[in-house]
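Q: Mind having a look at this structure? Questions to follow.
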Amino acid sequence: MNKPQPRTTRLHKPKRTVSIIGTGSYVPEKVLTNAALEKLVDTSDEWIVSRTGIKERRVAAPEESTSDLASKAARAAIEKAGISAEEIDMIIIGTVTPDMAFPNTACLVQKQIGAKNAICFDLSAACSGFLFGLEIAQQFISSRTCDTILVIGADKLSGIVNWQDRNTCVLFGDGAGAAILQHRPGSHGIIHTTMGANGDYAEILHMPGGGSRMPLTKENIEQRPNTIHMNGKDVYKQAVTAMVNAAHEALETAGLQTKDLACVIPHQANLRIIEAIGSRLGLGPERVFCNLQHYGNTSAAAVAIALDEAARAGRMKRDDYILLVVFGGGLTWACSVIQW
Ligand SMILES: CC(C)(COP(=O)(O)OP(=O)(O)OC[C@H]1O[C@@H](n2cnc3c(N)ncnc32)[C@H](O)[C@@H]1OP(=O)(O)O)[C@@H](O)C(=O)NCCC(=O)NCCS
């Protein structure tokens with residue numbers, strides 16, 4: 001396979017700096033351990049931990065939808081930011097598990113949290129959705145089109161996992177993470193985001209059925225096309241290459257080096273991928289945030305939850321440089337360098 005070629009966003013000089021002024025996250029109460037999965041499929045705690053680092057994941061209740069998870073994360077971020085929901089000009093949700101085809105999940109969150117002045121839309125970039133959303137928000141605020149934007153990464157992957165497929169069902173979980181963005185005077189904020197995509201590899205990680213190409217029918221439903229299909233080995237290779245390249249590119253554009261970073265928050269998909277990124281960037285584990293063991297891969301929510309937990313754990317102080325890097329189906333990838 002060829003290496004993914006980053007098609008990078010141009011460096012722009014922001015008209016005004018854009019800061020993350022509050023974060024929040026939510027994971028469902030129900031914990032699904034590796035031991036519980038051993039009863040569902042032919043797997044073992046030892047296999048899952050040694051291949052992925054995941055020990056448990058959260059699973060939403062049947063009546064709990066993506067917009068419910070997202071609204072809880074949003075409320076926490078709003079409270080942390082010290083703003084009112086009416087101040088929010090835009091809600092962007094990265095998700096591949098919307099409550100329904102339409103209306104979009106952001107409109108449903110708007111209703112739940114009372115953000116009646118917000119423009120609302122979802123974006124589909126799989127696990128890269130939160131960082132794609134951050135960059136869109138950054139552009140809207142920096143150009144003075146909006147003042148306050150709520151960006152959410154939220155997914156209920158338990159609803160699109162084939163619970164009979166041990167290759168995938170052990171990897172994923174449910175959750176949501178949110179951030180409030182505003183201009184704040186001073187130099188801190190989002191310095192640069194690199195984004196990329198490569199549709200040539202669309203089929204190594206996808207949900208083929210349930211859309212316009214393959215509507216669900218009585219005949220095909222048995223094959224479960226409306227669940228995650230993945231070539232794990234190919235995804236692994238592409239993920240490491242794309243995230244390391246994106247990190248180098250974003251750092252170079254930002255005029256920084258890895259030694260300048262207080263904390264790197266990578267997509268939480270697999271501990272071996274996280275360790276490979278850390279090692280290729282020359283970073284020790286103490287500077288690479290990981291909460292994957294508790295939640296598995298929560299897609300667009302993963303880096304958003306990790307950002308919130310890293311902030312609450314004091315892993316970065318004001319003015320520290322941090323780097324967020326993600327990878328997902330599409331293929332898509334992104335890397336943001338931020339002065340906290
Ligand atoms: C999926 C992944 C963990 C598999 O790890 P791996 O090291 O490639 O797997 P291995 O080659 O060691 O093992 C594959 C074998 O384990 C088996 N296996 C797969 N899942 C298993 C499970 N849950 N329990 C036990 N055995 C399992 C396979 O059937 C295969 O058996 P076979 O060789 O008899 O066919 C790894 O490829 C990965 O993490 N890929 C990236 C996935 C990802 O991050 N996706 C989301 C990106 S946003």
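Naming scheme: A, B, ... for chains in displayed order of the structure tokens; residues 1 onward per chain; ligands 1 onward as shown.
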Kindly compile the residues surrounding ligand 1 within 6 Å, counting only C-alpha atoms and all ligand atoms, and format them as a count of residues only.
A: 18
Q: List as a PyMOL selection string the protein and nucleic acid residues near region 306-314 of chain A, meaning an atom at most 9 Å away when only C-alpha atoms are counted, but skip any in the same chain fewer than 6 places from it.
A: chain A and resi 22-25+77+177-179+263+265-268+289-292+324
Q: Please write the residues from the selection above to a file, keeping N, CA and C atoms, as a compact mmCIF listing (two decimals), in the first residue's frame.
A:
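The result, written out as selection-v4.txt:
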```
# COMPACT_ATOMS: atom_id res chain seq x y z
N GLY A 22 -13.48 26.01 27.48
CA GLY A 22 -14.10 25.04 28.40
C GLY A 22 -14.26 23.71 27.69
N THR A 23 -14.05 22.63 28.43
CA THR A 23 -14.26 21.29 27.85
C THR A 23 -15.18 20.49 28.77
N GLY A 24 -15.80 19.46 28.23
CA GLY A 24 -16.66 18.58 29.03
C GLY A 24 -16.73 17.23 28.36
N SER A 25 -17.10 16.23 29.10
CA SER A 25 -17.24 14.91 28.49
C SER A 25 -18.27 14.09 29.25
N ALA A 77 -19.26 21.26 29.33
CA ALA A 77 -18.34 22.24 28.72
C ALA A 77 -18.85 23.67 28.91
N GLY A 177 -17.50 14.04 23.88
CA GLY A 177 -16.65 15.09 24.44
C GLY A 177 -16.99 16.41 23.74
N ALA A 178 -16.83 17.52 24.46
CA ALA A 178 -17.24 18.81 23.91
C ALA A 178 -16.25 19.89 24.27
N ALA A 179 -16.21 20.94 23.44
CA ALA A 179 -15.36 22.09 23.73
C ALA A 179 -16.10 23.36 23.31
N CYS A 263 2.14 18.09 26.20
CA CYS A 263 1.27 16.92 26.16
C CYS A 263 0.79 16.65 24.73
N ILE A 265 -2.08 14.47 22.70
CA ILE A 265 -3.33 13.72 22.92
C ILE A 265 -3.71 13.08 21.59
N PRO A 266 -3.38 11.80 21.42
CA PRO A 266 -3.68 11.14 20.15
C PRO A 266 -5.07 10.49 20.17
N HIS A 267 -5.55 10.14 18.99
CA HIS A 267 -6.78 9.36 18.89
C HIS A 267 -6.60 8.07 19.71
N GLN A 268 -7.64 7.73 20.45
CA GLN A 268 -7.57 6.57 21.35
C GLN A 268 -8.18 5.35 20.63
N PHE A 289 -0.94 11.33 26.32
CA PHE A 289 -2.11 11.02 27.15
C PHE A 289 -2.83 9.78 26.61
N CYS A 290 -3.26 8.93 27.55
CA CYS A 290 -3.96 7.70 27.15
C CYS A 290 -5.04 7.36 28.17
N ASN A 291 -6.28 7.25 27.72
CA ASN A 291 -7.37 6.76 28.60
C ASN A 291 -8.12 5.61 27.93
N LEU A 292 -7.51 5.10 26.86
CA LEU A 292 -8.10 4.05 26.04
C LEU A 292 -8.50 2.81 26.84
N LEU A 324 -2.94 17.68 19.37
CA LEU A 324 -4.00 16.67 19.24
C LEU A 324 -3.86 16.05 17.84
```
Q: Could you give me, as CSV, every region 307-334 of chain A residue with an atom at most 8 Å from region 119-126 of chain A, plus its closest atom pair and distance in Å to one decimal, counting only C-alpha atoms, rows ordered by chain then number?
A:
```
residue,atom,partner,partner_atom,distance
A:Gly328,CA,A:Ala126,CA,5.3
A:Gly329,CA,A:Ala126,CA,5.4
A:Gly330,CA,A:Ala125,CA,6.8
A:Thr332,CA,A:Ala125,CA,6.4
```
Q: Could you turn the residues from that selection into a file that holds C-alpha atoms, as an mmCIF file, in the first residue's frame?
A:
```
data_model
loop_
_atom_site.group_PDB
_atom_site.id
_atom_site.type_symbol
_atom_site.label_atom_id
_atom_site.label_comp_id
_atom_site.auth_asym_id
_atom_site.auth_seq_id
_atom_site.Cartn_x
_atom_site.Cartn_y
_atom_site.Cartn_z
ATOM 1 C CA GLY A 328 -10.385 7.726 11.052
ATOM 2 C CA GLY A 329 -12.425 6.129 8.314
ATOM 3 C CA GLY A 330 -12.494 7.936 5.009
ATOM 4 C CA THR A 332 -9.350 11.136 7.280
#
```
Q: Rank A:Ala304, A:Leu171, A:Leu323, A:Leu271 by their smallest atom-to-atom distance to Ser50 (chain A), using only C-alpha atoms, and report the top residue only.
A: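 Among the listed residues, the smallest separation from Ser50 (chain A) belongs to A:Leu271.
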Q: Contacts of Asn34 (chain A) at 10 Å or less, counting only C-alpha atoms, minus same-chain residues fewer than 3 places along, as a list in words?
A: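 Using only C-alpha atoms, the neighbours found are Val31, Leu37, Glu38, Lys39, Leu40, Thr43, Ser44, Asp45, Glu46, Trp47, Ile48, Val49, Ile54, Lys55, Glu56, Arg57 and Val170 of chain A.
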Q: For those residues, write C-alpha atoms to a file as an mmCIF file, in the first residue's frame.
A:
```cif
data_model
loop_
_atom_site.group_PDB
_atom_site.id
_atom_site.type_symbol
_atom_site.label_atom_id
_atom_site.label_comp_id
_atom_site.auth_asym_id
_atom_site.auth_seq_id
_atom_site.Cartn_x
_atom_site.Cartn_y
_atom_site.Cartn_z
ATOM 1 C CA VAL A 31 -19.196 -0.788 31.855
ATOM 2 C CA LEU A 37 -16.968 -9.977 26.095
ATOM 3 C CA GLU A 38 -15.452 -13.436 26.602
ATOM 4 C CA LYS A 39 -19.039 -14.651 27.056
ATOM 5 C CA LEU A 40 -20.193 -13.035 23.776
ATOM 6 C CA THR A 43 -11.868 -13.917 22.720
ATOM 7 C CA SER A 44 -9.892 -13.413 25.929
ATOM 8 C CA ASP A 45 -8.896 -10.572 28.209
ATOM 9 C CA GLU A 46 -5.269 -11.485 27.486
ATOM 10 C CA TRP A 47 -5.755 -11.179 23.682
ATOM 11 C CA ILE A 48 -7.599 -7.873 23.910
ATOM 12 C CA VAL A 49 -5.184 -6.248 26.377
ATOM 13 C CA ILE A 54 -8.331 -1.924 26.123
ATOM 14 C CA LYS A 55 -9.644 -3.292 29.435
ATOM 15 C CA GLU A 56 -13.233 -2.069 29.367
ATOM 16 C CA ARG A 57 -15.549 0.198 27.419
ATOM 17 C CA VAL A 170 -13.816 -5.682 21.296
#
```
Q: Could you pull the residues within 12 Å of Val244 (chain A), counting only C-alpha atoms, minus those fewer than 4 positions along the same chain, as JSON, numbers by chain?
A: {"A": [3, 4, 6, 194, 237, 238, 239, 240, 248, 249, 250, 251, 258, 264, 266, 267, 273, 274, 275, 276, 277, 278, 279, 280, 281, 282, 283, 323, 324, 325, 326, 327, 333, 334, 335]}
Q: Now that the selection is made, can you save its residues with C-alpha atoms as a tab-separated table (two decimals), in the first residue's frame?
A:
```tsv
chain	number	residue	atom	x	y	z
A	3	LYS	CA	1.65	5.94	2.10
A	4	PRO	CA	-1.24	8.36	2.47
A	6	PRO	CA	-1.53	14.52	3.18
A	194	THR	CA	-3.36	20.12	9.46
A	237	LYS	CA	-0.45	0.83	9.22
A	238	GLN	CA	-2.28	3.78	7.69
A	239	ALA	CA	-3.14	5.20	11.11
A	240	VAL	CA	0.45	5.31	12.35
A	248	HIS	CA	5.41	16.56	11.87
A	249	GLU	CA	3.68	18.77	9.35
A	250	ALA	CA	1.58	20.64	11.92
A	251	LEU	CA	4.59	21.20	14.19
A	258	THR	CA	8.30	17.90	19.78
A	264	VAL	CA	0.26	14.97	23.06
A	266	PRO	CA	-3.68	11.14	20.15
A	267	HIS	CA	-6.78	9.36	18.89
A	273	ILE	CA	-0.70	2.74	17.75
A	274	ILE	CA	-0.36	5.35	20.53
A	275	GLU	CA	3.02	3.94	21.58
A	276	ALA	CA	4.23	3.84	17.96
A	277	ILE	CA	3.30	7.51	17.50
A	278	GLY	CA	5.03	8.45	20.77
A	279	SER	CA	8.16	6.57	19.82
A	280	ARG	CA	8.32	7.95	16.25
A	281	LEU	CA	7.88	11.48	17.58
A	282	GLY	CA	10.53	10.82	20.25
A	283	LEU	CA	8.13	11.35	23.15
A	323	LEU	CA	-0.81	18.56	20.12
A	324	LEU	CA	-4.00	16.67	19.24
A	325	VAL	CA	-3.78	14.11	16.43
A	326	VAL	CA	-6.50	11.89	15.01
A	327	PHE	CA	-7.19	9.35	12.29
A	333	TRP	CA	-6.76	12.59	9.63
A	334	ALA	CA	-5.97	15.85	11.39
A	335	CYS	CA	-3.53	17.39	13.82
```
Q: Could you produce a table of the residues of region 12-85 of chain A lying within 10 Å of region 101-117 of chain A, with the nearest pair of atoms per residue and their separation in Å rounded to one decimal, using only C-alpha atoms, ordered by chain and increasing residue number, as JSON lines?
A:
```
{"residue": "A:Ser65", "atom": "CA", "partner": "A:Thr105", "partner_atom": "CA", "distance": 9.7}
{"residue": "A:Thr66", "atom": "CA", "partner": "A:Thr105", "partner_atom": "CA", "distance": 7.5}
{"residue": "A:Ser67", "atom": "CA", "partner": "A:Val109", "partner_atom": "CA", "distance": 5.6}
{"residue": "A:Asp68", "atom": "CA", "partner": "A:Val109", "partner_atom": "CA", "distance": 7.4}
{"residue": "A:Leu69", "atom": "CA", "partner": "A:Val109", "partner_atom": "CA", "distance": 9.3}
{"residue": "A:Ala70", "atom": "CA", "partner": "A:Val109", "partner_atom": "CA", "distance": 6.9}
{"residue": "A:Ser71", "atom": "CA", "partner": "A:Val109", "partner_atom": "CA", "distance": 5.4}
{"residue": "A:Lys72", "atom": "CA", "partner": "A:Ile113", "partner_atom": "CA", "distance": 8.6}
{"residue": "A:Ala74", "atom": "CA", "partner": "A:Ile113", "partner_atom": "CA", "distance": 7.8}
{"residue": "A:Arg75", "atom": "CA", "partner": "A:Ile113", "partner_atom": "CA", "distance": 6.9}
{"residue": "A:Ile78", "atom": "CA", "partner": "A:Ile113", "partner_atom": "CA", "distance": 9.6}
{"residue": "A:Ser84", "atom": "CA", "partner": "A:Ala115", "partner_atom": "CA", "distance": 8.3}
{"residue": "A:Ala85", "atom": "CA", "partner": "A:Ala115", "partner_atom": "CA", "distance": 4.6}
```
Q: Please identify the strand (DSSP E) residues within region 106-300 of chain A (assignment by DSSP from backbone atoms) and present them as a ChimeraX atom specification.
A: /A:119-123,148-156,174-183,189-197,205-206,229-230,261-266
Q: Find, counting only C-alpha atoms, the residue in A:Lys80, A:Arg144, A:Arg16, A:Lys156 that gets nearest to Tyr295 (chain A).
A: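 Of the candidates, the smallest distance to Tyr295 (chain A) is held by A:Lys156.
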